[in-house]
file run26.txt (compact mmCIF, C-alpha atoms and all ligand atoms)
# COMPACT_ATOMS: atom_id res chain seq x y z
CA MET A 167 -7.99 -32.42 37.83
CA ALA A 168 -6.26 -30.27 35.27
CA GLU A 169 -8.25 -27.14 34.63
CA GLU A 170 -5.71 -24.62 33.41
CA LEU A 171 -6.78 -22.41 30.51
CA ILE A 172 -4.88 -23.18 27.32
CA LEU A 173 -5.00 -20.92 24.28
CA ILE A 174 -4.79 -22.65 20.89
CA VAL A 175 -3.61 -20.50 17.97
CA GLU A 176 -4.04 -22.61 14.84
CA ASP A 177 -5.52 -21.84 11.43
CA ASN A 178 -6.35 -25.46 10.54
CA GLU A 179 -9.75 -26.39 11.87
CA LYS A 180 -9.07 -30.12 12.13
CA ASN A 181 -5.89 -29.57 14.10
CA ARG A 182 -7.67 -27.09 16.35
CA LYS A 183 -10.46 -29.55 17.04
CA LEU A 184 -8.06 -32.39 17.80
CA MET A 185 -6.08 -30.31 20.29
CA ARG A 186 -9.28 -28.92 21.84
CA ASP A 187 -10.79 -32.39 22.23
CA VAL A 188 -7.76 -34.05 23.81
CA LEU A 189 -7.16 -31.11 26.15
CA GLN A 190 -10.79 -30.86 27.24
CA PHE A 191 -10.92 -34.61 27.78
CA GLN A 192 -8.10 -34.12 30.30
CA GLY A 193 -10.08 -31.39 32.01
CA TYR A 194 -8.21 -28.38 30.64
CA ARG A 195 -10.18 -25.32 29.62
CA THR A 196 -9.45 -24.06 26.13
CA ALA A 197 -9.78 -20.93 24.05
CA GLU A 198 -8.87 -20.78 20.40
CA CYS A 199 -8.37 -18.56 17.41
CA GLU A 200 -7.22 -18.80 13.82
CA ASN A 201 -4.48 -16.19 13.60
CA ALA A 202 -1.65 -14.67 15.60
CA GLU A 203 -3.09 -11.17 15.79
CA HIS A 204 -6.23 -12.47 17.47
CA GLY A 205 -4.08 -14.74 19.63
CA LEU A 206 -2.10 -11.78 20.97
CA ARG A 207 -5.31 -10.02 21.99
CA LEU A 208 -6.69 -13.15 23.66
CA ALA A 209 -3.40 -13.71 25.47
CA VAL A 210 -3.78 -10.30 27.13
CA GLU A 211 -7.51 -10.63 27.79
CA LEU A 212 -7.55 -14.20 29.08
CA ALA A 213 -4.06 -14.60 30.58
CA PRO A 214 -3.93 -18.30 29.66
CA ALA A 215 -1.63 -20.67 31.54
CA LEU A 216 -0.16 -21.88 28.26
CA ILE A 217 -0.30 -21.05 24.55
CA LEU A 218 -0.10 -23.61 21.74
CA MET A 219 1.22 -21.75 18.72
CA ASP A 220 1.11 -22.92 15.13
CA ILE A 221 4.04 -21.53 13.13
CA HIS A 222 2.49 -21.25 9.67
CA LEU A 223 -0.40 -18.84 10.08
CA PRO A 224 -2.02 -16.29 7.77
CA GLY A 225 -0.54 -12.85 8.41
CA MET A 226 1.86 -12.79 11.34
CA ASN A 227 3.57 -16.17 11.79
CA GLY A 228 4.05 -18.04 15.05
CA ILE A 229 7.65 -16.96 15.52
CA GLU A 230 6.75 -13.29 15.12
CA ALA A 231 3.85 -13.83 17.52
CA LEU A 232 6.20 -15.32 20.10
CA GLY A 233 8.38 -12.22 19.80
CA ALA A 234 5.36 -9.98 20.40
CA LEU A 235 4.28 -12.04 23.42
CA ARG A 236 7.76 -11.84 24.92
CA ALA A 237 7.96 -8.09 24.29
CA ASP A 238 4.79 -7.39 26.28
CA PRO A 239 5.17 -7.49 30.07
CA ALA A 240 1.54 -8.69 30.29
CA THR A 241 2.26 -11.86 28.31
CA ARG A 242 6.01 -12.33 28.73
CA GLY A 243 5.67 -15.06 31.35
CA ILE A 244 3.18 -17.25 29.49
CA PRO A 245 4.83 -20.45 28.26
CA VAL A 246 4.42 -21.12 24.54
CA ILE A 247 4.66 -24.47 22.79
CA ALA A 248 5.30 -24.41 19.04
CA VAL A 249 3.07 -26.84 17.17
CA THR A 250 4.19 -27.17 13.60
CA ALA A 251 4.18 -29.50 10.64
CA SER A 252 7.74 -28.43 9.82
CA VAL A 253 9.93 -31.49 9.59
CA MET A 254 13.08 -30.04 8.07
CA PRO A 255 15.93 -29.95 10.60
CA GLN A 256 16.63 -26.27 9.88
CA ASP A 257 12.97 -25.42 10.53
CA ARG A 258 13.07 -27.22 13.83
CA GLN A 259 16.32 -25.43 14.68
CA MET A 260 14.72 -22.08 13.88
CA VAL A 261 11.74 -22.88 16.09
CA THR A 262 13.96 -24.05 18.94
CA SER A 263 16.25 -21.03 18.78
CA ALA A 264 13.26 -18.65 18.63
CA GLY A 265 12.75 -19.32 22.33
CA PHE A 266 9.67 -21.50 22.51
CA ASP A 267 9.27 -23.43 25.73
CA ALA A 268 8.68 -26.68 23.86
CA TYR A 269 8.05 -28.06 20.40
CA GLN A 270 5.49 -30.53 19.12
CA SER A 271 5.26 -31.70 15.53
CA LYS A 272 2.01 -32.23 13.64
CA PRO A 273 0.23 -34.53 13.29
CA ILE A 274 0.34 -34.62 17.06
CA ASN A 275 1.03 -37.77 19.02
CA VAL A 276 -1.64 -37.43 21.71
CA LYS A 277 0.37 -39.01 24.51
CA GLU A 278 3.51 -36.97 23.79
CA PHE A 279 1.45 -33.84 23.24
CA LEU A 280 -0.27 -34.12 26.63
CA LYS A 281 3.04 -34.91 28.30
CA ALA A 282 4.64 -31.79 26.81
CA VAL A 283 1.65 -29.68 27.89
CA ARG A 284 1.79 -30.96 31.46
CA GLU A 285 5.57 -30.62 31.74
CA THR A 286 5.50 -27.10 30.35
CA LEU A 287 2.73 -26.07 32.75
CA ASP A 288 4.66 -27.54 35.68
CA ARG A 289 7.99 -25.95 34.77
CA PRO A 290 8.90 -22.79 36.69
CA SER A 291 8.17 -19.64 34.67
CA LYS A 292 10.92 -18.08 32.60
CA ALA A 293 9.42 -14.67 33.24
CA GLY A 294 11.90 -12.03 34.23
CA LYS A 295 14.92 -13.84 32.83
CA SER A 296 16.81 -12.17 30.03
CA PRO A 297 16.34 -13.80 26.63
MN MN B 1 -1.09 -23.41 10.02
call {"tool": "encode", "arguments": {"input": "run26.txt", "output": "structure tokens"}}
result
Amino acid sequence: MAEELILIVEDNEKNRKLMRDVLQFQGYRTAECENAEHGLRLAVELAPALILMDIHLPGMNGIEALGALRADPATRGIPVIAVTASVMPQDRQMVTSAGFDAYQSKPINVKEFLKAVRETLDRPSKAGKSP
């Protein structure tokens, strides 16, 4: 059974609850927070197997948070999936080129979301590769 720890960084409570519920139903363990700054601290403290990162967050945004995670040797190897309501093609392009391991749009499609989570967890780590 899946039991990896997944960190959810999302300021919208409903979205957080939905992701938490579907992940826990699959057997994953979850941790969560409402902003990127807290997410960076939890990433170091908990060393999650995967981070789900909202892009639009109060304070530091998800793209800036990804940069901070990649800049820290302690968190560099943690895969990060962008989860964003952005639907404009240029937004999606920006998210893709920022270096996220995967992208999921909100509202999430549960089946696709869980598939992306599993595939990202199973993919060999990018750690150590140059950006
Ligand atoms: Mn948000």
call {"tool": "residues_around", "arguments": {"input": "run26.txt", "residues": "segment 232-244 of chain A", "least_positions_apart": "3", "cutoff": "12 Å", "atoms": "all atoms listed in the file", "output": "PyMOL selection string"}}
result
chain A and resi 171-173+175+202-203+205-221+226-229+247-248+261-267+286-287+289-297
call {"tool": "closest_atom_pairs", "arguments": {"input": "run26.txt", "of": "chain A", "to": "ligand MN 1 (chain B)", "cutoff": "9 Å", "atoms": "all atoms listed in the file", "output": "JSON lines"}}
result
{"residue": "A:Val175", "atom": "CA", "partner": "B:MN1", "partner_atom": "MN", "distance": 8.8}
{"residue": "A:Glu176", "atom": "CA", "partner": "B:MN1", "partner_atom": "MN", "distance": 5.7}
{"residue": "A:Asp177", "atom": "CA", "partner": "B:MN1", "partner_atom": "MN", "distance": 4.9}
{"residue": "A:Asn178", "atom": "CA", "partner": "B:MN1", "partner_atom": "MN", "distance": 5.7}
{"residue": "A:Asn181", "atom": "CA", "partner": "B:MN1", "partner_atom": "MN", "distance": 8.8}
{"residue": "A:Glu200", "atom": "CA", "partner": "B:MN1", "partner_atom": "MN", "distance": 8.6}
{"residue": "A:Asn201", "atom": "CA", "partner": "B:MN1", "partner_atom": "MN", "distance": 8.7}
{"residue": "A:Asp220", "atom": "CA", "partner": "B:MN1", "partner_atom": "MN", "distance": 5.6}
{"residue": "A:Ile221", "atom": "CA", "partner": "B:MN1", "partner_atom": "MN", "distance": 6.3}
{"residue": "A:His222", "atom": "CA", "partner": "B:MN1", "partner_atom": "MN", "distance": 4.2}
{"residue": "A:Leu223", "atom": "CA", "partner": "B:MN1", "partner_atom": "MN", "distance": 4.6}
{"residue": "A:Pro224", "atom": "CA", "partner": "B:MN1", "partner_atom": "MN", "distance": 7.5}
{"residue": "A:Asn227", "atom": "CA", "partner": "B:MN1", "partner_atom": "MN", "distance": 8.8}
{"residue": "A:Gly228", "atom": "CA", "partner": "B:MN1", "partner_atom": "MN", "distance": 9.0}
{"residue": "A:Val249", "atom": "CA", "partner": "B:MN1", "partner_atom": "MN", "distance": 9.0}
{"residue": "A:Thr250", "atom": "CA", "partner": "B:MN1", "partner_atom": "MN", "distance": 7.4}
{"residue": "A:Ala251", "atom": "CA", "partner": "B:MN1", "partner_atom": "MN", "distance": 8.1}
call {"tool": "residues_around", "arguments": {"input": "run26.txt", "residues": "Glu169 of chain A", "least_positions_apart": "3", "cutoff": "6 Å", "atoms": "all atoms listed in the file", "output": "PyMOL selection string"}}
result
chain A and resi 193-195
call {"tool": "atom_distance", "arguments": {"input": "run26.txt", "atom1": "atom CA of Arg258 of chain A", "atom2": "atom CA of Gln190 of chain A"}}
result
27.6 Å
call {"tool": "residues_around", "arguments": {"input": "run26.txt", "residues": "Gln192 of chain A", "least_positions_apart": "6", "cutoff": "12 Å", "atoms": "all atoms listed in the file", "output": "PyMOL selection string"}}
result
chain A and resi 167-172+185-186+276-277+279-281+283-284
call {"tool": "write_last_selection", "arguments": {"input": "run26.txt", "atoms": "C-alpha atoms", "output": "PDB file, in the coordinates of the input"}}
result
ATOM      1  CA  MET A 167      -7.990 -32.420  37.830  1.00  0.00           C
ATOM      2  CA  ALA A 168      -6.260 -30.270  35.270  1.00  0.00           C
ATOM      3  CA  GLU A 169      -8.250 -27.140  34.630  1.00  0.00           C
ATOM      4  CA  GLU A 170      -5.710 -24.620  33.410  1.00  0.00           C
ATOM      5  CA  LEU A 171      -6.780 -22.410  30.510  1.00  0.00           C
ATOM      6  CA  ILE A 172      -4.880 -23.180  27.320  1.00  0.00           C
ATOM      7  CA  MET A 185      -6.080 -30.310  20.290  1.00  0.00           C
ATOM      8  CA  ARG A 186      -9.280 -28.920  21.840  1.00  0.00           C
ATOM      9  CA  VAL A 276      -1.640 -37.430  21.710  1.00  0.00           C
ATOM     10  CA  LYS A 277       0.370 -39.010  24.510  1.00  0.00           C
ATOM     11  CA  PHE A 279       1.450 -33.840  23.240  1.00  0.00           C
ATOM     12  CA  LEU A 280      -0.270 -34.120  26.630  1.00  0.00           C
ATOM     13  CA  LYS A 281       3.040 -34.910  28.300  1.00  0.00           C
ATOM     14  CA  VAL A 283       1.650 -29.680  27.890  1.00  0.00           C
ATOM     15  CA  ARG A 284       1.790 -30.960  31.460  1.00  0.00           C
TER      16      ARG A 284
END
call {"tool": "closest_residue", "arguments": {"input": "run26.txt", "among": "A:Ala197, A:Phe191, A:Pro245, A:Ala282", "to": "Gln270 of chain A", "atoms": "all atoms listed in the file"}}
result
A:Ala282
